[in-house]
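Chemist: data.txt is reproduced below (compact mmCIF, C-alpha atoms).
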```txt
# COMPACT_ATOMS: atom_id res chain seq x y z
CA MET A 1 -0.07 -54.18 10.07
CA ARG A 2 1.21 -52.40 13.16
CA LYS A 3 2.58 -48.94 12.47
CA THR A 4 5.36 -47.68 14.69
CA GLU A 5 6.62 -44.87 12.47
CA MET A 6 5.02 -41.43 12.51
CA GLN A 7 2.56 -40.97 9.68
CA ASP A 8 1.70 -37.79 7.78
CA ASP A 9 -1.54 -37.49 9.73
CA ASP A 10 0.33 -37.86 13.01
CA LEU A 11 2.70 -35.05 12.06
CA THR A 12 -0.22 -32.86 11.04
CA ASP A 13 -1.86 -33.61 14.39
CA LEU A 14 1.34 -32.71 16.25
CA PHE A 15 1.50 -29.37 14.47
CA VAL A 16 -2.15 -28.68 15.23
CA GLY A 17 -1.44 -29.34 18.91
CA LEU A 18 1.56 -27.04 18.82
CA ARG A 19 -0.47 -24.35 17.06
CA HIS A 20 -3.03 -24.43 19.88
CA ARG A 21 -0.24 -23.58 22.29
CA GLU A 22 0.80 -20.41 20.50
CA PRO A 23 2.22 -17.93 22.99
CA VAL A 24 -0.03 -14.95 23.60
CA PRO A 25 1.75 -11.58 23.81
CA THR A 26 1.69 -10.15 27.31
CA ALA A 27 0.22 -6.71 27.95
CA ALA A 28 3.71 -5.56 28.92
CA LEU A 29 5.12 -6.57 25.53
CA MET A 30 2.31 -4.80 23.66
CA GLU A 31 2.87 -1.67 25.75
CA ARG A 32 6.60 -1.73 24.98
CA VAL A 33 5.90 -2.12 21.25
CA LEU A 34 3.40 0.74 21.28
CA ALA A 35 5.78 2.94 23.27
CA ASN A 36 8.45 2.31 20.64
CA ALA A 37 5.93 3.17 17.94
CA VAL A 38 5.11 6.53 19.52
CA GLN A 39 8.79 7.28 20.15
CA ALA A 40 9.75 6.43 16.56
CA GLN A 41 6.85 8.49 15.23
CA GLN A 42 7.99 11.73 16.90
CA PRO A 43 11.05 12.43 14.71
CA VAL A 44 8.97 11.59 11.63
CA ALA A 45 6.45 14.31 12.50
CA ASP A 46 9.28 16.79 13.18
CA LEU A 47 10.88 15.92 9.85
CA ARG A 48 7.60 16.62 8.07
CA VAL A 49 7.28 20.09 9.63
CA ARG A 50 10.88 20.90 8.72
CA ALA A 51 10.29 19.76 5.17
CA VAL A 52 7.42 22.22 4.79
CA ARG A 53 9.46 25.14 6.12
CA TYR A 54 12.59 24.41 4.10
CA PRO A 55 12.70 26.43 0.81
CA GLY A 56 12.57 24.36 -2.35
CA LEU A 57 15.13 24.24 -5.16
CA TRP A 58 13.40 26.89 -7.32
CA SER A 59 13.02 29.25 -4.37
CA ARG A 60 16.73 28.96 -3.64
CA ILE A 61 17.67 29.54 -7.32
CA ALA A 62 15.32 32.57 -7.51
CA GLY A 63 16.95 33.88 -4.32
CA GLN A 64 20.34 33.96 -6.06
CA PHE A 65 18.90 36.36 -8.68
CA GLY A 66 17.21 38.72 -6.24
CA GLY A 67 13.93 36.96 -5.64
CA VAL A 68 10.96 35.74 -7.62
CA THR A 69 10.03 39.28 -8.88
CA ALA A 70 13.51 39.88 -10.29
CA VAL A 71 13.54 36.49 -12.01
CA ALA A 72 10.10 37.24 -13.50
CA GLY A 73 11.44 40.56 -14.88
CA LEU A 74 14.51 38.85 -16.34
CA CYS A 75 12.36 36.18 -17.97
CA SER A 76 10.04 38.83 -19.47
CA ALA A 77 12.98 40.79 -20.88
CA ALA A 78 14.51 37.64 -22.33
CA LEU A 79 11.19 36.69 -23.91
CA ILE A 80 10.71 40.13 -25.47
CA GLY A 81 14.29 39.99 -26.77
CA LEU A 82 13.59 36.65 -28.40
CA VAL A 83 10.38 37.98 -29.98
CA ILE A 84 12.18 41.02 -31.41
CA GLY A 85 15.05 38.84 -32.62
CA TYR A 86 12.89 36.35 -34.44
CA SER A 87 10.16 38.65 -35.76
CA ASP A 88 10.11 40.00 -39.35
CA PRO A 89 12.19 43.23 -39.78
CA THR A 90 9.19 45.04 -41.31
CA THR A 91 7.39 44.62 -38.04
CA VAL A 92 10.31 46.22 -36.23
CA ASP A 93 10.38 49.05 -38.80
CA TYR A 94 6.68 49.59 -38.22
CA LEU A 95 7.24 49.72 -34.50
CA THR A 96 10.19 52.11 -34.77
CA ASN A 97 8.93 54.08 -37.79
CA GLY A 98 8.69 57.38 -36.03
CA LEU A 99 12.29 57.18 -34.90
CA SER A 100 13.99 55.83 -38.01
CA ASP A 101 12.58 58.16 -40.74
CA ASP A 102 15.22 60.88 -40.33
CA MET A 103 18.06 58.69 -39.14
CA PRO A 104 21.11 58.07 -41.37
CA GLU A 105 21.81 54.46 -42.36
CA SER A 106 25.27 54.60 -40.71
CA MET A 107 26.72 56.74 -38.02
CA ASP A 108 30.31 57.30 -36.92
CA MET A 109 30.18 57.25 -33.14
CA PHE A 110 33.92 58.12 -32.60
CA PRO A 111 35.13 60.24 -35.55
CA THR A 112 38.41 61.20 -33.84
CA ALA A 113 39.31 57.77 -32.63
CA ASP A 114 41.26 56.61 -35.73
CA PHE A 115 44.52 56.91 -33.82
CA LEU A 116 43.59 53.77 -31.92
CA SER A 117 43.78 51.67 -35.06
CA THR A 118 46.92 53.25 -36.62
CA GLU A 119 50.27 51.52 -36.34
CA GLY A 120 53.61 52.98 -35.34
CA MET B 1 -10.35 1.73 21.48
CA ALA B 2 -11.49 -1.27 19.43
CA LEU B 3 -9.01 -4.10 19.01
CA ASP B 4 -8.56 -3.19 15.36
CA ALA B 5 -10.62 -0.17 14.37
CA PHE B 6 -9.28 -0.36 10.81
CA GLY B 7 -11.11 -3.62 9.99
CA GLU B 8 -10.36 -4.43 6.38
CA THR B 9 -7.70 -1.78 5.92
CA SER B 10 -4.53 -3.47 4.66
CA ASP B 11 -1.29 -3.48 6.60
CA GLU B 12 0.34 -1.57 3.75
CA VAL B 13 -2.15 1.29 4.09
CA LEU B 14 -1.73 1.25 7.88
CA ILE B 15 2.03 1.64 7.60
CA VAL B 16 1.54 4.76 5.46
CA LEU B 17 -1.00 6.14 7.94
CA TYR B 18 1.45 5.48 10.76
CA ALA B 19 4.23 7.25 8.85
CA ASN B 20 1.90 10.23 8.49
CA GLY B 21 1.47 10.46 12.25
CA ASP B 22 -1.64 8.33 12.85
CA ARG B 23 -1.23 6.67 16.26
CA SER B 24 -4.28 4.44 15.92
CA ALA B 25 -2.60 2.85 12.89
CA ALA B 26 0.33 1.97 15.18
CA TYR B 27 -2.12 0.39 17.60
CA ALA B 28 -3.73 -1.69 14.84
CA LEU B 29 -0.41 -2.83 13.39
CA THR B 30 0.88 -3.75 16.85
CA HIS B 31 -2.14 -5.96 17.50
CA ARG B 32 -2.04 -7.55 14.06
CA ILE B 33 1.64 -8.29 13.66
CA THR B 34 3.20 -8.67 17.12
CA PRO B 35 1.35 -11.93 18.00
CA ARG B 36 2.34 -13.53 14.70
CA VAL B 37 5.98 -12.53 14.98
CA LEU B 38 6.09 -13.61 18.62
CA ALA B 39 4.65 -17.06 17.83
CA TYR B 40 7.01 -17.50 14.89
CA ALA B 41 10.09 -16.48 16.89
CA TYR B 42 8.95 -18.68 19.78
CA ARG B 43 8.99 -21.75 17.50
CA LEU B 44 12.28 -20.86 15.80
CA LEU B 45 13.93 -20.29 19.18
CA SER B 46 12.66 -23.64 20.49
CA GLY B 47 10.22 -22.17 22.97
CA ASP B 48 12.37 -19.51 24.61
CA ARG B 49 9.71 -16.96 25.47
CA ALA B 50 12.01 -14.18 26.68
CA GLU B 51 14.14 -14.34 23.54
CA ALA B 52 11.03 -14.52 21.35
CA GLU B 53 9.61 -11.38 23.02
CA ASP B 54 12.90 -9.56 22.39
CA VAL B 55 12.79 -10.59 18.74
CA ALA B 56 9.15 -9.50 18.39
CA GLN B 57 9.87 -6.10 19.97
CA GLU B 58 12.99 -5.55 17.86
CA THR B 59 11.13 -6.54 14.68
CA MET B 60 8.35 -4.07 15.43
CA LEU B 61 10.85 -1.33 16.28
CA ARG B 62 12.50 -1.82 12.89
CA LEU B 63 9.08 -1.66 11.26
CA TRP B 64 8.37 1.70 12.91
CA ARG B 65 11.74 3.01 11.76
CA VAL B 66 11.33 1.86 8.17
CA ALA B 67 7.75 3.19 7.93
CA PRO B 68 8.63 6.67 6.52
CA HIS B 69 10.63 5.00 3.75
CA TRP B 70 8.12 2.21 3.03
CA ARG B 71 7.75 1.60 -0.70
CA GLN B 72 4.26 0.57 -1.69
CA GLY B 73 3.92 -2.61 -3.72
CA GLU B 74 7.41 -3.96 -3.02
CA ALA B 75 6.61 -6.31 -0.14
CA LYS B 76 3.80 -7.16 2.24
CA VAL B 77 4.29 -5.86 5.76
CA THR B 78 3.88 -9.36 7.22
CA THR B 79 6.40 -10.82 4.77
CA TRP B 80 8.86 -8.07 5.70
CA ALA B 81 8.27 -8.71 9.42
CA TYR B 82 8.74 -12.47 9.09
CA ARG B 83 11.96 -11.88 7.15
CA VAL B 84 13.36 -9.57 9.84
CA ALA B 85 12.31 -11.98 12.60
CA THR B 86 13.95 -14.87 10.73
CA ASN B 87 17.25 -12.97 10.54
CA LEU B 88 17.09 -11.93 14.18
CA CYS B 89 16.36 -15.52 15.29
CA THR B 90 19.17 -16.88 13.12
CA ASP B 91 21.60 -14.40 14.69
CA ARG B 92 20.51 -15.37 18.18
CA LEU B 93 20.71 -19.11 17.48
CA ARG B 94 24.22 -18.67 16.11
CA ALA B 95 25.23 -16.65 19.16
CA HIS B 96 23.83 -19.38 21.43
CA ARG B 97 25.71 -22.07 19.53
CA ARG B 98 28.92 -20.07 19.80
CA ARG B 99 28.39 -19.85 23.53
CA GLY B 100 27.74 -23.60 23.62
CA ARG B 101 24.23 -23.39 24.99
CA ALA B 102 22.67 -26.71 24.03
CA SER B 103 18.96 -26.00 24.27
CA LEU B 104 16.58 -23.13 24.62
CA ASP B 105 13.49 -25.18 25.31
CA ASP B 106 13.29 -24.88 29.08
CA ALA B 107 10.38 -22.45 29.10
CA PRO B 108 7.17 -24.15 30.25
CA ASP B 109 4.06 -24.00 28.07
CA VAL B 110 0.90 -22.56 29.53
CA ALA B 111 -1.55 -25.30 30.55
CA ASP B 112 -4.99 -25.36 28.95
CA PRO B 113 -7.57 -25.82 31.75
CA ALA B 114 -10.15 -27.30 29.34
CA ILE B 115 -8.42 -30.69 29.06
CA SER B 116 -7.92 -33.40 31.69
CA ALA B 117 -4.65 -34.07 33.49
CA VAL B 118 -3.90 -37.23 31.47
CA GLU B 119 -4.72 -35.54 28.19
CA ARG B 120 -2.60 -32.61 29.27
CA LEU B 121 0.33 -34.92 29.91
CA VAL B 122 -0.06 -36.58 26.51
CA GLU B 123 -0.43 -33.19 24.86
CA ALA B 124 2.62 -31.85 26.70
CA ASP B 125 4.63 -34.92 25.66
CA ARG B 126 3.63 -34.42 22.05
CA ILE B 127 4.47 -30.74 22.10
CA ASP B 128 7.80 -31.38 23.78
CA ALA B 129 8.59 -34.14 21.28
CA LEU B 130 7.76 -31.95 18.28
CA GLN B 131 9.52 -28.93 19.75
CA ALA B 132 12.64 -31.01 20.40
CA ALA B 133 12.46 -32.54 16.93
CA LEU B 134 12.09 -29.11 15.32
CA ALA B 135 15.08 -27.88 17.32
CA ARG B 136 17.21 -30.61 15.76
CA LEU B 137 16.39 -29.54 12.19
CA PRO B 138 18.79 -27.30 10.28
CA ASP B 139 17.76 -23.62 10.61
CA ARG B 140 16.42 -23.24 7.06
CA GLN B 141 14.36 -26.43 7.25
CA ARG B 142 12.92 -25.38 10.61
CA GLN B 143 12.03 -21.92 9.27
CA ALA B 144 10.26 -23.39 6.22
CA MET B 145 8.43 -25.98 8.32
CA VAL B 146 7.22 -23.46 10.92
CA LEU B 147 6.07 -20.97 8.28
CA ARG B 148 4.23 -23.71 6.38
CA HIS B 149 2.67 -25.73 9.17
CA MET B 150 2.45 -23.29 12.06
CA ASP B 151 1.74 -19.99 10.34
CA GLY B 152 -0.06 -21.63 7.41
CA LEU B 153 1.70 -19.50 4.79
CA SER B 154 1.76 -20.39 1.10
CA ASN B 155 4.95 -21.56 -0.60
CA THR B 156 5.02 -18.25 -2.50
CA ASP B 157 4.99 -16.24 0.74
CA ILE B 158 7.63 -18.51 2.30
CA ALA B 159 9.81 -18.09 -0.80
CA ASP B 160 9.52 -14.29 -0.42
CA ILE B 161 10.36 -14.40 3.27
CA MET B 162 13.32 -16.74 2.88
CA ASP B 163 14.44 -15.11 -0.38
CA ILE B 164 14.55 -18.40 -2.26
CA GLY B 165 12.57 -20.04 -5.09
CA ILE B 166 9.32 -21.96 -4.64
CA GLU B 167 11.04 -25.23 -5.62
CA ALA B 168 13.60 -24.66 -2.88
CA VAL B 169 10.78 -24.16 -0.37
CA GLU B 170 9.14 -27.42 -1.46
CA SER B 171 12.47 -29.19 -1.17
CA LEU B 172 13.14 -27.74 2.30
CA THR B 173 9.71 -28.71 3.66
CA ALA B 174 9.91 -32.21 2.16
CA ARG B 175 13.35 -32.79 3.67
CA ALA B 176 12.22 -31.33 7.00
CA LYS B 177 9.23 -33.68 7.05
CA ARG B 178 11.42 -36.71 6.37
CA ALA B 179 13.84 -35.56 9.07
CA LEU B 180 11.01 -35.14 11.61
CA VAL B 181 9.70 -38.63 10.83
CA ALA B 182 13.21 -40.00 11.31
CA ILE B 183 13.75 -38.11 14.58
CA LEU B 184 10.39 -39.24 15.97
CA ALA B 185 10.85 -42.80 14.68
CA GLY B 186 9.49 -45.40 17.06
CA ARG B 187 7.75 -42.87 19.34
CA ARG B 188 4.29 -43.13 17.78
CA GLU B 189 2.80 -45.30 20.48
CA GLU B 190 4.60 -43.43 23.25
CA LEU B 191 3.03 -40.19 22.03
CA GLY B 192 -0.44 -41.70 22.34
CA TYR B 193 -1.30 -42.45 18.72
CA GLU B 194 -3.55 -45.47 18.25
CA GLU B 195 -2.33 -48.56 16.43
CA ASP B 196 -3.93 -49.09 13.02
```
For this file, produce the structure as structure tokens.
Modeler:
Amino acid sequence: MRKTEMQDDDLTDLFVGLRHREPVPTAALMERVLANAVQAQQPVADLRVRAVRYPGLWSRIAGQFGGVTAVAGLCSAALIGLVIGYSDPTTVDYLTNGLSDDMPESMDMFPTADFLSTEG
Amino acid sequence: MALDAFGETSDEVLIVLYANGDRSAAYALTHRITPRVLAYAYRLLSGDRAEAEDVAQETMLRLWRVAPHWRQGEAKVTTWAYRVATNLCTDRLRAHRRRGRASLDDAPDVADPAISAVERLVEADRIDALQAALARLPDRQRQAMVLRHMDGLSNTDIADIMDIGIEAVESLTARAKRALVAILAGRREELGYEED
């Protein structure tokens, strides 16, 4: 039987023919693409350098408290305070024994200041 | 410099190297991706070489710009490039239709010196016929057909590029094939195919 319609094989053959005629990029196009690549790369490199120089979050927070050394001192004091607060009182007595032996249990710091709490 | 000094290095690694300032990675990516995008755009734009070159250059420029923000594992570089080229071609085709330009296929193909004059005529007729038939397909069908039969991509890759399901790709290519057969109906003998 005579075939006048395009067959699957014919279509495949047409596409193969078309594929063999793929356009080849010109040297000028490749140069333009590469030039764009170099141009676009420049700000990226600059951004990277700036990112290294820019102080991080922790550095900026430490700066608000007088620098890393000051923050380290504050942290140490806070830690010691926590240790003293949570440790057994006998340990504190042992540590302060030399001071507390002769000390009264209570002390009136402002004996003449009663007038502040009287009415009238 | 070698054509592609990176050999087996994947495009995804190259894009990271480029983002980190490696210029040879840019060279390798340019030589790997530009020809594919150019050929794809050339077919979608019905053989308009100047427009296809613009699309290829713009696609690559967008690739360079997105490189520092490239997220590994999300998409293949080629898939991303095809997707961008598809959108750029679609925009240009719409703009041409708005301006009422009927056809973009006036750019001559380069002749292959290895074949005879008669063969070249037959070949040119076939290419013109297929190019014209492709130009008459709806945009989505043409994109699927070119990706499948020209670029040899899998249905999965085409689905990624066109942002549709695999079944939709199969449906598009099947409809495109039927449409091409209908458009080329009765031209089998004219295009030099033997009678069976």
Chemist: Could you tell me how far atom CA of B:Arg94 sits from atom CA of B:Trp64, in Å to one decimal place?
Modeler: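 Going from atom CA of B:Trp64 over to atom CA of B:Arg94 covers 26.0 Å.
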Chemist: For a quick test of understanding: name the residues of chain A lying within 8 Å of chain B when counting only C-alpha atoms, and present them as number ranges by chain.
Modeler: A: 1-7, 10-12, 14-19, 21-25, 29-30, 32-34, 36-38, 40-41, 44-45
Chemist: In Å, rounded to a single decimal, give me how far atom CA of B:Val77 is from atom CA of B:Glu12.
Modeler: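 Atom CA of B:Glu12 sits 6.2 Å away from atom CA of B:Val77.
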Chemist: What gap, in Å, lies between atom CA of A:Val68 and atom CA of A:Gly56?
Modeler: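 Atom CA of A:Gly56 lies 12.6 Å from atom CA of A:Val68.
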Chemist: Find the residue from B:Val16, B:Ile33, B:Ile166, B:Ala174 that sits nearest to B:Thr79; use all atoms listed in the file when measuring.
Modeler: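 Closest to B:Thr79, using all atoms listed in the file: B:Ile33.
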Chemist: Measuring between only C-alpha atoms, which one of B:Ala95, B:Gln141, B:Gly192, B:Val84 shows the shortest distance to B:Asp125?
Modeler: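 So, comparing all the options, the nearest one is B:Gly192.
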Chemist: Nearest to A:Ser59 among A:Ala35, A:Asp13, A:Ile84, A:Val71, with distances taken over only C-alpha atoms: which residue is it?
Modeler: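 Checking each candidate against A:Ser59, we get A:Val71 as the closest.
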Chemist: Have a look at B:Glu170, B:Glu8, B:Asp48, B:Glu74 and name the one nearest to B:Arg140; count only C-alpha atoms.
Modeler: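 Answer, going by the shortest atom-to-atom distance: B:Glu170.
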